[in-house]
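Worksheet for the structure shown next.
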Amino acid sequence: MDILSQLNPAQRQAAEAISGPLLILAGPGSGKTRVITHRIAYLIKVCGVSPRHIMAVTFTNKAAREMEERLNRLAKASVKELTLGTFHAICARILRQEGRAIGITPGFTIYGRDDQISLLKRAIQEVDLDPKQYPPAAILSAIGAAKSQMLTPGGYAQHSSSYFEEVVARVYERYQQLLGQSNALDFDDLLMKAAELFSSQPGVLDRYQQRYQHILVDEFQDTNLVQYQLIKLLAGKHRNICVVGDPDQSIYSWRSADLRNILSFEKDYPEARVVLLEQNYRSTRSILEAASGIIAVNQQRKPKKLWTDNDAGEPVNIVETYNEQEEAQFVVREVERLVAAGQAKPSDCAVMYRTNAQSRALEEAFIRYGTPYRLVAGTRFYERREVKDIIAYLKLIQNTRDSVSLLRIINIPQRGIGDRTLSQLTSWASSANLSRYEALQLLSSPQEDKPPPFSPHAARALGSFYAMVEELVVGSRQLSLVDLFDLVIRKSGYREYIQNTPDGEERWENVLELRTVAQQYGDLPPGEGLIAFLEGVTLVSDVDGYDESAGAVTLITLHQAKGLEFSVVFIVGMEEGVLPHIRSFDDPGQMEEERRLCYVGVTRAKSRVYLVRAFRRSLMGGNTVNGPSRFLADIPSQLVSGVGLRRGEESQIAAGAYSWDGAPASAFDLPELKVGDQVRHGWFGEGVVVSCQPVRDDSELVVAFRGVGVKKLLLSFARLEKVD
DNA sequence: CGAAAGGCTCTTTTT
DNA sequence: GAGCCTTTCG
C-alpha cells in the first residue's frame, strides 16, 4: 500500500524527503497538515523508523491531539512513543526528567501569565520601584523578550541601554530569585532552561540527539529564537529537520516570534531542500484572489503565486453597519438566512475579530436570536476566580514553596489572616531565610529560637492553616486526584464560601466543571496525576477546548483562527483602528503584521467571506467613529459585492443583492431633516427627529420612534423617509 | 480584620 | 465597562 498516493507531486516530495533538512513553505489551504501526518506515517510504516525517534512540534495542544488522531488512523500503529506536543509541553517534560543537572527540582510549578504578573509585582516592589510607574505587563513583555533570546538577568543588564532597560534588568534579577524561591519556572523559562540544559550538558544533549532522528516543526514562522536554538541543538546530530511554515501567516512577533528563523534556516542548513506548496484546496478562487490582493501590499515579503482549481464562487461581501450591535445583528441574521436557505449549517460558520472585547456584542446578538454559538477563547475558564483558587490550593499542595499560590489562598475563605499578619509572616520568614510555608511549619513546632511576631489570634489562624495544608499534602500522596480535590473543598470550606458570593451557584458549577477535568487524570498514580493535571491546566490554550462538532457558530479571535477552516467566515470590525489595530499605526512592521492577520482570517474561508465594519463603535466606555479598514481597498473590486453600504459606495453593489432589514433597497435619496421632522424607518416605524448632529460628511440623528423608543441613526445609512 | 464603596487605569493578539 | 487598587467605615 502506498501511504503517499493521496498526495499531489509537491506534497509527495515534501513527505518523501526524509533525510536532511527540509523547509516546506506552505500557503494557506495547501494541505500542510496532510503532508506532515503523511510524512510521519511514511517514516514509521515505510522507512521503519520507530515513533520513539520522532519529535513533532505543534503550535497548540489541539493541533497535537489532532495529529495524533490522524496518525492513529493513518499509520494504524501505536504512536504513543512519538514525542508530540507544543514546545512548552515538550520542554516541561524534558525538564522534569533532566532538570536536576542544572539545578531544577522535578516538582517545579509552572507559572502562567497571571502568576508571572503577580510575582512580578512583588519583584517590582522589592527593588523599591512603583508598580504604577512601571506597569508589570510592560516589564513582563521585556523579560519575555529577553528570555526568548536566552538573555539571563546578567546578560540583559550588560545590554541595557536605556533607563527603562536598567529598571527591567533589576526587576528581572529579583524576579528570577523569587521564581527560584518558589520552585517555579515561568512559561518562557521552560524554553530557556531547556536550551540551557542542552547547551551546558553535552551528555544529556547527546542522548536526546541520538534519540531524535527526525524532527518536525509546524508553524515555523511563529517560532522565536530559543525555539530555533532548541531544535538546532536537538537536530545537531542527524540533521533530519523538517520545518513547515508560511511567512505570510506570521502573526506572533509580539511574542518574539522571529521571521528571520526561516532565513537562518537556509543559512544554518545550506544543504536544505525547499518545497513550495502553492496549490490551494480550501477556498474559492474569489476568496484566494481577494486574500492575495490584501497580502500583496506588504513590502517585507517574497511574492508567491498561489493558485486553485476551485470555482470562482461568490464575491467577497463587504458590509457596513451603523454600530457594533447592528454589526452583530447582521452576522446573526445572515447566518440564519444561510441556514434557512440550506447553504450552511451553524457549525460551518465562524465570526472572527481582532480583540476579545469585540465578542461581547456578538454574543449578545446570538443569545437574543437564540442562534447557537461557541466562544472559543473568551470563556477563559481557567481565568475565573473560583477556578484559580482551587488550582492554587492544588498547586500549593504539590509544591509548598509556591508563594504565588500560597498568598492567593492563605485567606480564602477568610481565616483572619490579614495584610498585617501576612507582612509579618513575610519578613519573619525572610529573616530566617525560609519560605513562608517553612516558617509556618516552624511556628507550629515548639522549638523556636526566633520568637514569632504574631498576636495569639494571628498565630492560631496561621497554625490551623498550616495544619490544613499539611493534611492535604498527606492526602495527596495516597488519594486519587478527584478524592484529593474533594478533600480540598471539604477541608477548606470552599463550597460554603463560594456559594455565598454573588453568582455563587454559577461559580460553584465552575468548580464542579474543574472537578470533571480532574477526573480525566484518574488513572494516574496520586503524585503524577496531580502534576499532570496542573501542567495541563497551565499549558492549555483556548483553542484547545474548541470542538468543531458542537453544531454552533464559532466566535474566535483572528489569532486563534490560524490553522482552522470554515465554510463561511465573517470578519467583523474591518475598521481603521480595529483591524489594523491602532497600536500598529506608527510602525510599518506592525502594520504588515496586521495585514497578515487579515490575510489569515480571509484564507480560513472555503466558500463565503463577509468583511463587516461598523460606522460607530463603543470602545472602553467612549465612542469612536472609524473609517473603513485600509485592507478593504486592496481587494480587487471585481471580487467584491457590497451590502448596506453608504451612499457613494453604492455603485459597487450588485443591485438589490441584499436587503437585510426589509427596508426598500432603492431609496437612496437622502432627505433633508431637521429636529421635529416626522420620519419613517423600514424597521422601527414612524418617529420624530429629536436631534441632528453633523458627523464627518454625514449626519447622526436621534429619532424617537413610536412604541419602539429612542434610536441613534446615521442619515446616509438609516434609509429614513420623511413623512409630511 | 473585612466588607463596601469609590477611584483609578487600561484594554491587542497568547504558549 | 471592568477589573484592580485604595480608602473608609463598622
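Order determines the names: the first chain of the C-alpha cells is A, the second B, and so forth; residues in each chain are numbered 1 upward, and ligands are numbered 1 upward as they are shown.
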
Got a sec: who's within 9 Å of region 172-188 of chain A, counting only C-alpha atoms (C1' of nucleotides), leaving out chain neighbours fewer than 5 positions off, as a short mmCIF file (atom, residue, chain, number, x, y, z; two decimals) with all heavy atoms, in the first residue's frame?
```cif
data_model
loop_
_atom_site.label_atom_id
_atom_site.label_comp_id
_atom_site.auth_asym_id
_atom_site.auth_seq_id
_atom_site.Cartn_x
_atom_site.Cartn_y
_atom_site.Cartn_z
N HIS A 88 6.34 24.18 24.64
CA HIS A 88 6.26 24.31 26.09
C HIS A 88 6.03 22.96 26.77
O HIS A 88 6.69 22.64 27.76
CB HIS A 88 5.17 25.31 26.47
CG HIS A 88 5.52 26.72 26.10
ND1 HIS A 88 5.31 27.23 24.85
CD2 HIS A 88 6.09 27.71 26.83
CE1 HIS A 88 5.74 28.49 24.81
NE2 HIS A 88 6.21 28.80 25.99
N ILE A 104 17.31 22.17 38.66
CA ILE A 104 15.86 22.30 38.68
C ILE A 104 15.25 21.08 39.36
O ILE A 104 15.56 19.94 39.02
CB ILE A 104 15.31 22.44 37.25
CG1 ILE A 104 15.76 23.77 36.65
CG2 ILE A 104 13.78 22.33 37.24
CD1 ILE A 104 15.49 23.90 35.18
N THR A 105 14.39 21.33 40.35
CA THR A 105 13.72 20.24 41.06
C THR A 105 12.58 19.71 40.20
O THR A 105 11.83 20.50 39.63
CB THR A 105 13.13 20.76 42.38
OG1 THR A 105 13.93 21.85 42.84
CG2 THR A 105 13.06 19.69 43.42
N GLY A 107 9.77 18.62 40.82
CA GLY A 107 8.41 19.02 41.19
C GLY A 107 8.10 20.48 40.97
O GLY A 107 7.20 21.02 41.59
N PHE A 108 8.83 21.13 40.09
CA PHE A 108 8.61 22.58 39.92
C PHE A 108 7.20 22.89 39.46
O PHE A 108 6.54 22.10 38.80
CB PHE A 108 9.64 23.16 38.93
CG PHE A 108 9.56 22.61 37.53
CD1 PHE A 108 8.65 23.12 36.61
CD2 PHE A 108 10.41 21.59 37.11
CE1 PHE A 108 8.59 22.62 35.31
CE2 PHE A 108 10.35 21.09 35.82
CZ PHE A 108 9.43 21.60 34.92
N THR A 109 6.79 24.08 39.82
CA THR A 109 5.49 24.59 39.39
C THR A 109 5.70 25.46 38.15
O THR A 109 6.72 26.13 38.04
CB THR A 109 4.88 25.43 40.52
OG1 THR A 109 4.61 24.57 41.63
CG2 THR A 109 3.59 26.11 40.08
N ILE A 110 4.73 25.43 37.24
CA ILE A 110 4.81 26.30 36.08
C ILE A 110 3.94 27.52 36.30
O ILE A 110 2.77 27.40 36.63
CB ILE A 110 4.37 25.56 34.80
CG1 ILE A 110 5.25 24.33 34.58
CG2 ILE A 110 4.45 26.49 33.60
CD1 ILE A 110 4.75 23.42 33.47
N TYR A 111 4.53 28.68 36.15
CA TYR A 111 3.78 29.93 36.31
C TYR A 111 3.30 30.44 34.96
O TYR A 111 4.08 30.70 34.06
CB TYR A 111 4.66 30.99 36.98
CG TYR A 111 4.70 30.88 38.50
CD1 TYR A 111 5.48 31.76 39.25
CD2 TYR A 111 3.96 29.92 39.18
CE1 TYR A 111 5.53 31.67 40.64
CE2 TYR A 111 4.00 29.82 40.56
CZ TYR A 111 4.79 30.70 41.29
OH TYR A 111 4.83 30.61 42.66
N GLY A 112 2.00 30.56 34.85
CA GLY A 112 1.40 31.17 33.67
C GLY A 112 1.34 32.68 33.82
O GLY A 112 1.84 33.24 34.80
N ARG A 113 0.70 33.31 32.87
CA ARG A 113 0.76 34.76 32.82
C ARG A 113 0.33 35.45 34.10
O ARG A 113 1.01 36.36 34.59
CB ARG A 113 -0.09 35.29 31.66
CG ARG A 113 0.11 36.76 31.46
CD ARG A 113 -0.80 37.35 30.42
NE ARG A 113 -0.92 38.78 30.66
CZ ARG A 113 -0.07 39.69 30.20
NH1 ARG A 113 0.96 39.32 29.46
NH2 ARG A 113 -0.23 40.96 30.48
N ASP A 115 0.26 34.33 37.16
CA ASP A 115 1.24 34.09 38.21
C ASP A 115 2.47 34.96 37.97
O ASP A 115 3.04 35.52 38.91
CB ASP A 115 1.67 32.62 38.22
CG ASP A 115 0.49 31.67 38.36
OD1 ASP A 115 -0.39 31.95 39.18
OD2 ASP A 115 0.46 30.67 37.63
N GLN A 116 2.85 35.06 36.71
CA GLN A 116 4.01 35.88 36.37
C GLN A 116 3.78 37.32 36.81
O GLN A 116 4.64 37.93 37.44
CB GLN A 116 4.27 35.86 34.85
CG GLN A 116 4.77 34.54 34.32
CD GLN A 116 4.95 34.59 32.80
OE1 GLN A 116 3.98 34.65 32.05
NE2 GLN A 116 6.19 34.59 32.35
N LEU A 119 3.85 37.71 40.63
CA LEU A 119 5.21 37.62 41.17
C LEU A 119 6.03 38.86 40.78
O LEU A 119 6.83 39.38 41.56
CB LEU A 119 5.91 36.36 40.64
CG LEU A 119 7.15 35.92 41.41
CD1 LEU A 119 6.78 35.53 42.83
CD2 LEU A 119 7.84 34.77 40.72
N LEU A 120 5.77 39.31 39.60
CA LEU A 120 6.49 40.48 39.09
C LEU A 120 6.16 41.73 39.90
O LEU A 120 7.03 42.55 40.19
CB LEU A 120 6.10 40.68 37.63
CG LEU A 120 7.11 41.35 36.71
CD1 LEU A 120 8.48 40.76 36.85
CD2 LEU A 120 6.63 41.24 35.29
N ARG A 122 5.49 41.79 42.96
CA ARG A 122 6.25 41.73 44.18
C ARG A 122 7.71 42.09 43.91
O ARG A 122 8.33 42.83 44.67
CB ARG A 122 6.14 40.33 44.79
CG ARG A 122 6.17 40.40 46.28
CD ARG A 122 5.90 39.09 46.99
NE ARG A 122 5.06 38.14 46.31
CZ ARG A 122 5.34 36.84 46.24
NH1 ARG A 122 6.45 36.38 46.79
NH2 ARG A 122 4.52 36.02 45.65
N ALA A 123 8.24 41.59 42.81
CA ALA A 123 9.63 41.89 42.48
C ALA A 123 9.83 43.40 42.30
O ALA A 123 10.82 43.96 42.76
CB ALA A 123 10.04 41.14 41.20
N ILE A 124 8.87 44.04 41.66
CA ILE A 124 8.99 45.48 41.43
C ILE A 124 9.01 46.22 42.76
O ILE A 124 9.82 47.11 42.98
CB ILE A 124 7.82 45.97 40.54
CG1 ILE A 124 7.95 45.38 39.14
CG2 ILE A 124 7.79 47.49 40.47
CD1 ILE A 124 6.72 45.57 38.27
N GLU A 126 9.90 44.99 45.62
CA GLU A 126 11.07 44.66 46.41
C GLU A 126 12.34 45.36 45.94
O GLU A 126 13.31 45.45 46.68
CB GLU A 126 11.28 43.13 46.42
CG GLU A 126 10.23 42.45 47.28
CD GLU A 126 10.51 40.98 47.47
OE1 GLU A 126 11.64 40.54 47.19
OE2 GLU A 126 9.58 40.27 47.89
N VAL A 127 12.36 45.82 44.68
CA VAL A 127 13.52 46.63 44.29
C VAL A 127 13.17 48.11 44.38
O VAL A 127 13.80 48.96 43.77
CB VAL A 127 14.05 46.27 42.88
CG1 VAL A 127 14.55 44.84 42.84
CG2 VAL A 127 13.00 46.50 41.82
N ILE A 139 6.94 45.30 31.82
CA ILE A 139 8.18 44.66 32.25
C ILE A 139 8.17 43.18 31.89
O ILE A 139 9.17 42.63 31.44
CB ILE A 139 8.40 44.87 33.76
CG1 ILE A 139 8.53 46.38 34.01
CG2 ILE A 139 9.60 44.10 34.25
CD1 ILE A 139 9.09 46.76 35.33
N LEU A 140 7.00 42.57 32.06
CA LEU A 140 6.90 41.16 31.72
C LEU A 140 7.22 40.94 30.25
O LEU A 140 7.91 39.99 29.90
CB LEU A 140 5.49 40.64 32.02
CG LEU A 140 5.27 39.16 31.70
CD1 LEU A 140 6.22 38.28 32.50
CD2 LEU A 140 3.83 38.75 31.96
N ILE A 143 10.91 41.16 29.82
CA ILE A 143 11.60 39.97 30.33
C ILE A 143 11.36 38.78 29.40
O ILE A 143 12.28 38.00 29.11
CB ILE A 143 11.13 39.65 31.77
CG1 ILE A 143 11.61 40.76 32.73
CG2 ILE A 143 11.65 38.30 32.23
CD1 ILE A 143 11.16 40.59 34.17
N GLY A 144 10.13 38.68 28.92
CA GLY A 144 9.82 37.60 27.98
C GLY A 144 10.68 37.69 26.73
O GLY A 144 11.20 36.69 26.25
N ALA A 145 10.84 38.92 26.23
CA ALA A 145 11.66 39.10 25.05
C ALA A 145 13.11 38.71 25.35
O ALA A 145 13.78 38.06 24.54
CB ALA A 145 11.59 40.55 24.57
N LYS A 147 14.12 36.57 27.61
CA LYS A 147 14.23 35.12 27.75
C LYS A 147 14.15 34.42 26.40
O LYS A 147 14.78 33.38 26.21
CB LYS A 147 13.12 34.60 28.67
CG LYS A 147 13.37 34.94 30.14
CD LYS A 147 12.32 34.33 31.04
CE LYS A 147 12.68 34.58 32.50
NZ LYS A 147 11.66 34.03 33.43
N SER A 148 13.38 35.00 25.50
CA SER A 148 13.29 34.34 24.21
C SER A 148 14.59 34.49 23.43
O SER A 148 14.80 33.82 22.42
CB SER A 148 12.10 34.88 23.41
OG SER A 148 12.39 36.16 22.95
N THR A 152 20.10 36.01 30.24
CA THR A 152 19.91 35.94 31.68
C THR A 152 19.87 37.36 32.23
O THR A 152 20.20 38.31 31.51
CB THR A 152 21.10 35.20 32.33
OG1 THR A 152 22.29 35.93 31.99
CG2 THR A 152 21.21 33.78 31.81
N PRO A 153 19.50 37.52 33.51
CA PRO A 153 19.49 38.88 34.07
C PRO A 153 20.84 39.57 33.89
O PRO A 153 20.89 40.74 33.52
CB PRO A 153 19.17 38.64 35.54
CG PRO A 153 18.35 37.40 35.56
CD PRO A 153 18.92 36.54 34.46
N GLY A 154 21.92 38.82 34.14
CA GLY A 154 23.23 39.41 33.96
C GLY A 154 23.48 39.84 32.52
O GLY A 154 23.95 40.95 32.26
N TYR A 156 21.30 40.48 30.28
CA TYR A 156 20.41 41.57 29.92
C TYR A 156 20.96 42.90 30.44
O TYR A 156 20.95 43.90 29.72
CB TYR A 156 19.01 41.33 30.50
CG TYR A 156 18.00 42.36 30.07
CD1 TYR A 156 17.28 42.20 28.90
CD2 TYR A 156 17.77 43.50 30.84
CE1 TYR A 156 16.36 43.14 28.49
CE2 TYR A 156 16.85 44.45 30.45
CZ TYR A 156 16.14 44.27 29.27
OH TYR A 156 15.23 45.20 28.87
N VAL A 167 15.97 49.42 34.61
CA VAL A 167 14.92 49.05 35.55
C VAL A 167 14.53 47.58 35.33
O VAL A 167 14.45 46.79 36.27
CB VAL A 167 13.68 49.96 35.37
CG1 VAL A 167 12.48 49.37 36.07
CG2 VAL A 167 13.99 51.35 35.90
N LYS A 193 15.32 27.34 29.84
CA LYS A 193 16.05 26.38 30.65
C LYS A 193 16.34 25.10 29.87
O LYS A 193 17.39 24.48 30.06
CB LYS A 193 15.27 26.03 31.92
CG LYS A 193 15.06 27.21 32.85
CD LYS A 193 16.33 27.58 33.58
CE LYS A 193 16.08 28.78 34.49
NZ LYS A 193 17.31 29.31 35.09
N ASN A 399 3.49 21.78 45.56
CA ASN A 399 4.77 22.45 45.78
C ASN A 399 4.55 23.53 46.83
O ASN A 399 4.13 24.63 46.53
CB ASN A 399 5.27 23.06 44.46
CG ASN A 399 6.43 24.03 44.65
OD1 ASN A 399 7.13 23.99 45.66
ND2 ASN A 399 6.61 24.91 43.68
N THR A 400 4.86 23.19 48.08
CA THR A 400 4.50 24.12 49.16
C THR A 400 5.36 25.38 49.13
O THR A 400 5.08 26.33 49.85
CB THR A 400 4.64 23.45 50.54
OG1 THR A 400 5.94 22.87 50.65
CG2 THR A 400 3.57 22.38 50.73
N ARG A 401 6.38 25.41 48.31
CA ARG A 401 7.17 26.64 48.21
C ARG A 401 6.53 27.65 47.26
O ARG A 401 7.01 28.77 47.14
CB ARG A 401 8.59 26.30 47.73
CG ARG A 401 9.48 25.76 48.86
CD ARG A 401 10.71 25.07 48.32
NE ARG A 401 11.56 25.96 47.53
CZ ARG A 401 12.54 25.54 46.73
NH1 ARG A 401 12.79 24.25 46.63
NH2 ARG A 401 13.25 26.39 46.04
N ASP A 402 5.49 27.23 46.57
CA ASP A 402 4.84 28.10 45.58
C ASP A 402 4.20 29.31 46.27
O ASP A 402 3.09 29.24 46.78
CB ASP A 402 3.79 27.27 44.82
CG ASP A 402 3.00 28.10 43.83
OD1 ASP A 402 3.11 29.34 43.85
OD2 ASP A 402 2.28 27.50 43.02
N SER A 403 4.91 30.41 46.27
CA SER A 403 4.46 31.56 47.05
C SER A 403 3.25 32.25 46.42
O SER A 403 2.40 32.79 47.12
CB SER A 403 5.60 32.57 47.20
OG SER A 403 6.02 33.04 45.93
N VAL A 404 3.18 32.26 45.11
CA VAL A 404 2.04 32.91 44.47
C VAL A 404 0.74 32.22 44.87
O VAL A 404 -0.25 32.86 45.24
CB VAL A 404 2.19 32.92 42.93
CG1 VAL A 404 0.92 33.41 42.26
CG2 VAL A 404 3.36 33.82 42.52
N SER A 435 11.14 29.74 53.34
CA SER A 435 9.94 30.04 52.58
C SER A 435 8.81 30.30 53.57
O SER A 435 8.91 29.93 54.74
CB SER A 435 9.57 28.88 51.66
OG SER A 435 8.99 27.84 52.39
N LEU A 539 -0.79 24.84 30.78
CA LEU A 539 -0.34 24.97 29.40
C LEU A 539 -1.47 24.91 28.38
O LEU A 539 -1.23 24.91 27.19
CB LEU A 539 0.70 23.87 29.08
CG LEU A 539 2.00 23.91 29.90
CD1 LEU A 539 2.93 22.79 29.49
CD2 LEU A 539 2.72 25.24 29.77
P DT B 15 -2.76 30.10 23.79
OP1 DT B 15 -3.68 29.56 22.79
OP2 DT B 15 -3.19 30.30 25.17
"O5'" DT B 15 -1.44 29.20 23.81
"C5'" DT B 15 -0.82 28.82 22.58
"C4'" DT B 15 0.60 28.41 22.87
"O4'" DT B 15 1.31 29.57 23.34
"C3'" DT B 15 0.76 27.35 23.95
"O3'" DT B 15 1.75 26.42 23.53
"C2'" DT B 15 1.24 28.11 25.16
"C1'" DT B 15 2.00 29.25 24.54
N1 DT B 15 2.06 30.47 25.35
C2 DT B 15 3.26 31.12 25.46
O2 DT B 15 4.27 30.71 24.94
N3 DT B 15 3.24 32.26 26.22
C4 DT B 15 2.15 32.82 26.84
O4 DT B 15 2.25 33.84 27.49
C5 DT B 15 0.91 32.09 26.69
C7 DT B 15 -0.34 32.61 27.33
C6 DT B 15 0.92 30.98 25.96
#
```

For DT8 (chain C), work out the shell of residues within 12 Å, counting only C-alpha atoms (C1' of nucleotides) and skipping chain neighbours fewer than 5 positions away, then give it as a PDB file with N, CA, C and O atoms (P, O5', C5', C4', C3', O3' and C1' of nucleotides), in the first residue's frame.
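Just written: result.pdb:
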```pdb
ATOM      1  P    DG B   2      -9.946  38.830  57.594  1.00  0.00           P
ATOM      2  O5'  DG B   2     -11.220  39.676  57.170  1.00  0.00           O
ATOM      3  C5'  DG B   2     -12.421  39.500  57.894  1.00  0.00           C
ATOM      4  C4'  DG B   2     -13.475  40.386  57.297  1.00  0.00           C
ATOM      5  C3'  DG B   2     -13.562  40.306  55.771  1.00  0.00           C
ATOM      6  O3'  DG B   2     -14.917  40.404  55.413  1.00  0.00           O
ATOM      7  C1'  DG B   2     -13.194  42.517  56.405  1.00  0.00           C
ATOM      8  P    DA B   3     -15.446  39.739  54.108  1.00  0.00           P
ATOM      9  O5'  DA B   3     -16.630  40.747  53.764  1.00  0.00           O
ATOM     10  C5'  DA B   3     -17.484  41.191  54.819  1.00  0.00           C
ATOM     11  C4'  DA B   3     -18.011  42.554  54.468  1.00  0.00           C
ATOM     12  C3'  DA B   3     -18.441  42.710  53.011  1.00  0.00           C
ATOM     13  O3'  DA B   3     -19.720  43.312  52.979  1.00  0.00           O
ATOM     14  C1'  DA B   3     -16.868  44.394  53.588  1.00  0.00           C
ATOM     15  P    DA B   4     -20.446  43.453  51.597  1.00  0.00           P
ATOM     16  O5'  DA B   4     -20.277  45.018  51.345  1.00  0.00           O
ATOM     17  C5'  DA B   4     -20.522  45.927  52.421  1.00  0.00           C
ATOM     18  C4'  DA B   4     -20.207  47.325  51.947  1.00  0.00           C
ATOM     19  C3'  DA B   4     -20.602  47.593  50.494  1.00  0.00           C
ATOM     20  O3'  DA B   4     -21.255  48.843  50.414  1.00  0.00           O
ATOM     21  C1'  DA B   4     -18.302  48.089  50.817  1.00  0.00           C
ATOM     22  P    DA B   5     -21.912  49.318  49.088  1.00  0.00           P
ATOM     23  O5'  DA B   5     -21.120  50.670  48.818  1.00  0.00           O
ATOM     24  C5'  DA B   5     -20.634  51.451  49.922  1.00  0.00           C
ATOM     25  C4'  DA B   5     -19.566  52.397  49.425  1.00  0.00           C
ATOM     26  C3'  DA B   5     -19.813  52.916  48.003  1.00  0.00           C
ATOM     27  O3'  DA B   5     -19.592  54.309  47.972  1.00  0.00           O
ATOM     28  C1'  DA B   5     -17.661  51.967  48.154  1.00  0.00           C
ATOM     29  P    DG B   6     -20.036  55.152  46.741  1.00  0.00           P
ATOM     30  O5'  DG B   6     -18.652  55.791  46.274  1.00  0.00           O
ATOM     31  C5'  DG B   6     -17.741  56.311  47.243  1.00  0.00           C
ATOM     32  C4'  DG B   6     -16.356  56.390  46.632  1.00  0.00           C
ATOM     33  C3'  DG B   6     -16.344  56.988  45.218  1.00  0.00           C
ATOM     34  O3'  DG B   6     -15.387  58.034  45.178  1.00  0.00           O
ATOM     35  C1'  DG B   6     -15.176  54.915  45.267  1.00  0.00           C
TER      36       DG B   6
END
```

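Within 12 Å of chain A, counting only C-alpha atoms (C1' of nucleotides), chain C contributes DG1, DA2, DG3, DC4 and DC5 of chain C.
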
Please dump the current selection as a short mmCIF file (atom, residue, chain, number, x, y, z; two decimals), in the first residue's frame; keep all heavy atoms.
```cif
data_model
loop_
_atom_site.label_atom_id
_atom_site.label_comp_id
_atom_site.auth_asym_id
_atom_site.auth_seq_id
_atom_site.Cartn_x
_atom_site.Cartn_y
_atom_site.Cartn_z
P DG C 1 -22.32 48.65 29.73
OP1 DG C 1 -23.03 47.63 29.01
OP2 DG C 1 -22.33 48.91 31.12
"O5'" DG C 1 -20.95 48.82 29.08
"C5'" DG C 1 -19.69 48.61 28.77
"C4'" DG C 1 -18.74 47.90 29.67
"O4'" DG C 1 -17.52 48.67 29.70
"C3'" DG C 1 -19.14 47.71 31.12
"O3'" DG C 1 -18.72 46.41 31.53
"C2'" DG C 1 -18.36 48.77 31.88
"C1'" DG C 1 -17.11 48.85 31.03
N9 DG C 1 -16.41 50.12 31.11
C8 DG C 1 -16.97 51.37 31.22
N7 DG C 1 -16.08 52.31 31.28
C5 DG C 1 -14.86 51.66 31.19
C6 DG C 1 -13.54 52.17 31.20
O6 DG C 1 -13.18 53.34 31.29
N1 DG C 1 -12.59 51.16 31.09
C2 DG C 1 -12.88 49.82 30.97
N2 DG C 1 -11.86 48.99 30.87
N3 DG C 1 -14.12 49.34 30.96
C4 DG C 1 -15.05 50.31 31.08
P DA C 2 -19.16 45.61 32.72
OP1 DA C 2 -20.16 44.61 32.31
OP2 DA C 2 -19.42 46.53 33.84
"O5'" DA C 2 -17.78 44.87 33.01
"C5'" DA C 2 -16.78 44.77 31.98
"C4'" DA C 2 -15.45 44.57 32.64
"O4'" DA C 2 -14.74 45.82 32.72
"C3'" DA C 2 -15.59 44.07 34.08
"O3'" DA C 2 -14.60 43.12 34.35
"C2'" DA C 2 -15.40 45.32 34.91
"C1'" DA C 2 -14.41 46.10 34.06
N9 DA C 2 -14.50 47.54 34.25
C8 DA C 2 -15.63 48.28 34.45
N7 DA C 2 -15.39 49.57 34.59
C5 DA C 2 -14.01 49.67 34.47
C6 DA C 2 -13.13 50.77 34.53
N6 DA C 2 -13.54 52.01 34.72
N1 DA C 2 -11.81 50.52 34.38
C2 DA C 2 -11.41 49.25 34.18
N3 DA C 2 -12.15 48.14 34.10
C4 DA C 2 -13.45 48.43 34.26
P DG C 3 -14.77 42.09 35.51
OP1 DG C 3 -15.23 40.82 34.92
OP2 DG C 3 -15.51 42.68 36.64
"O5'" DG C 3 -13.25 41.93 35.92
"C5'" DG C 3 -12.23 42.17 34.94
"C4'" DG C 3 -11.11 42.96 35.59
"O4'" DG C 3 -11.45 44.36 35.67
"C3'" DG C 3 -10.81 42.51 37.03
"O3'" DG C 3 -9.41 42.34 37.15
"C2'" DG C 3 -11.34 43.64 37.88
"C1'" DG C 3 -11.14 44.84 36.96
N9 DG C 3 -12.01 45.97 37.24
C8 DG C 3 -13.38 45.95 37.41
N7 DG C 3 -13.88 47.14 37.63
C5 DG C 3 -12.78 47.99 37.61
C6 DG C 3 -12.71 49.38 37.79
O6 DG C 3 -13.63 50.18 38.02
N1 DG C 3 -11.40 49.85 37.69
C2 DG C 3 -10.31 49.06 37.45
N2 DG C 3 -9.13 49.67 37.39
N3 DG C 3 -10.36 47.74 37.27
C4 DG C 3 -11.62 47.28 37.37
P DC C 4 -8.80 41.70 38.41
OP1 DC C 4 -7.82 40.72 37.94
OP2 DC C 4 -9.88 41.32 39.34
"O5'" DC C 4 -8.02 42.94 39.03
"C5'" DC C 4 -7.10 43.67 38.22
"C4'" DC C 4 -6.69 44.91 38.97
"O4'" DC C 4 -7.80 45.84 38.97
"C3'" DC C 4 -6.33 44.63 40.43
"O3'" DC C 4 -5.05 45.15 40.71
"C2'" DC C 4 -7.41 45.33 41.23
"C1'" DC C 4 -7.92 46.39 40.26
N1 DC C 4 -9.33 46.74 40.47
C2 DC C 4 -9.68 48.08 40.66
O2 DC C 4 -8.78 48.93 40.66
N3 DC C 4 -10.98 48.41 40.85
C4 DC C 4 -11.91 47.46 40.84
N4 DC C 4 -13.18 47.84 41.02
C5 DC C 4 -11.58 46.09 40.64
C6 DC C 4 -10.30 45.77 40.47
P DC C 5 -4.39 44.77 42.09
OP1 DC C 5 -2.98 44.47 41.84
OP2 DC C 5 -5.25 43.82 42.82
"O5'" DC C 5 -4.49 46.18 42.82
"C5'" DC C 5 -3.95 47.34 42.20
"C4'" DC C 5 -4.48 48.55 42.95
"O4'" DC C 5 -5.90 48.59 42.78
"C3'" DC C 5 -4.21 48.48 44.46
"O3'" DC C 5 -3.32 49.51 44.83
"C2'" DC C 5 -5.58 48.63 45.10
"C1'" DC C 5 -6.47 49.12 43.96
N1 DC C 5 -7.86 48.63 44.06
C2 DC C 5 -8.89 49.54 44.25
O2 DC C 5 -8.61 50.74 44.34
N3 DC C 5 -10.16 49.09 44.33
C4 DC C 5 -10.42 47.78 44.23
N4 DC C 5 -11.69 47.39 44.30
C5 DC C 5 -9.38 46.83 44.04
C6 DC C 5 -8.12 47.29 43.96
#
```

Contact residues (chain A, partner chain B, 7 Å, only C-alpha atoms (C1' of nucleotides)) as a ChimeraX atom specification: /A:88,355,416,418,539,541,559

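The gap separating CA of Ser567 (chain A) from CA of Thr308 (chain A) is 16.2 Å, in Å to one decimal.
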
CA of His238 (chain A) to CA of Pro9 (chain A), distance in Å rounded to a single decimal: 26.0 Å

Between CA of Lys76 (chain A) and CA of Asn240 (chain A), distance in Å (one decimal): 23.7 Å

Exercise: region 256-266 of chain A partners within 6 Å, only C-alpha atoms (C1' of nucleotides), chain neighbours under 2 positions left out, as a list in words: Ala145, Gln221, Asp222, Thr223, Asn224, Tyr252, Ser253, Trp254, Asp268, Tyr269 and Pro270 of chain A
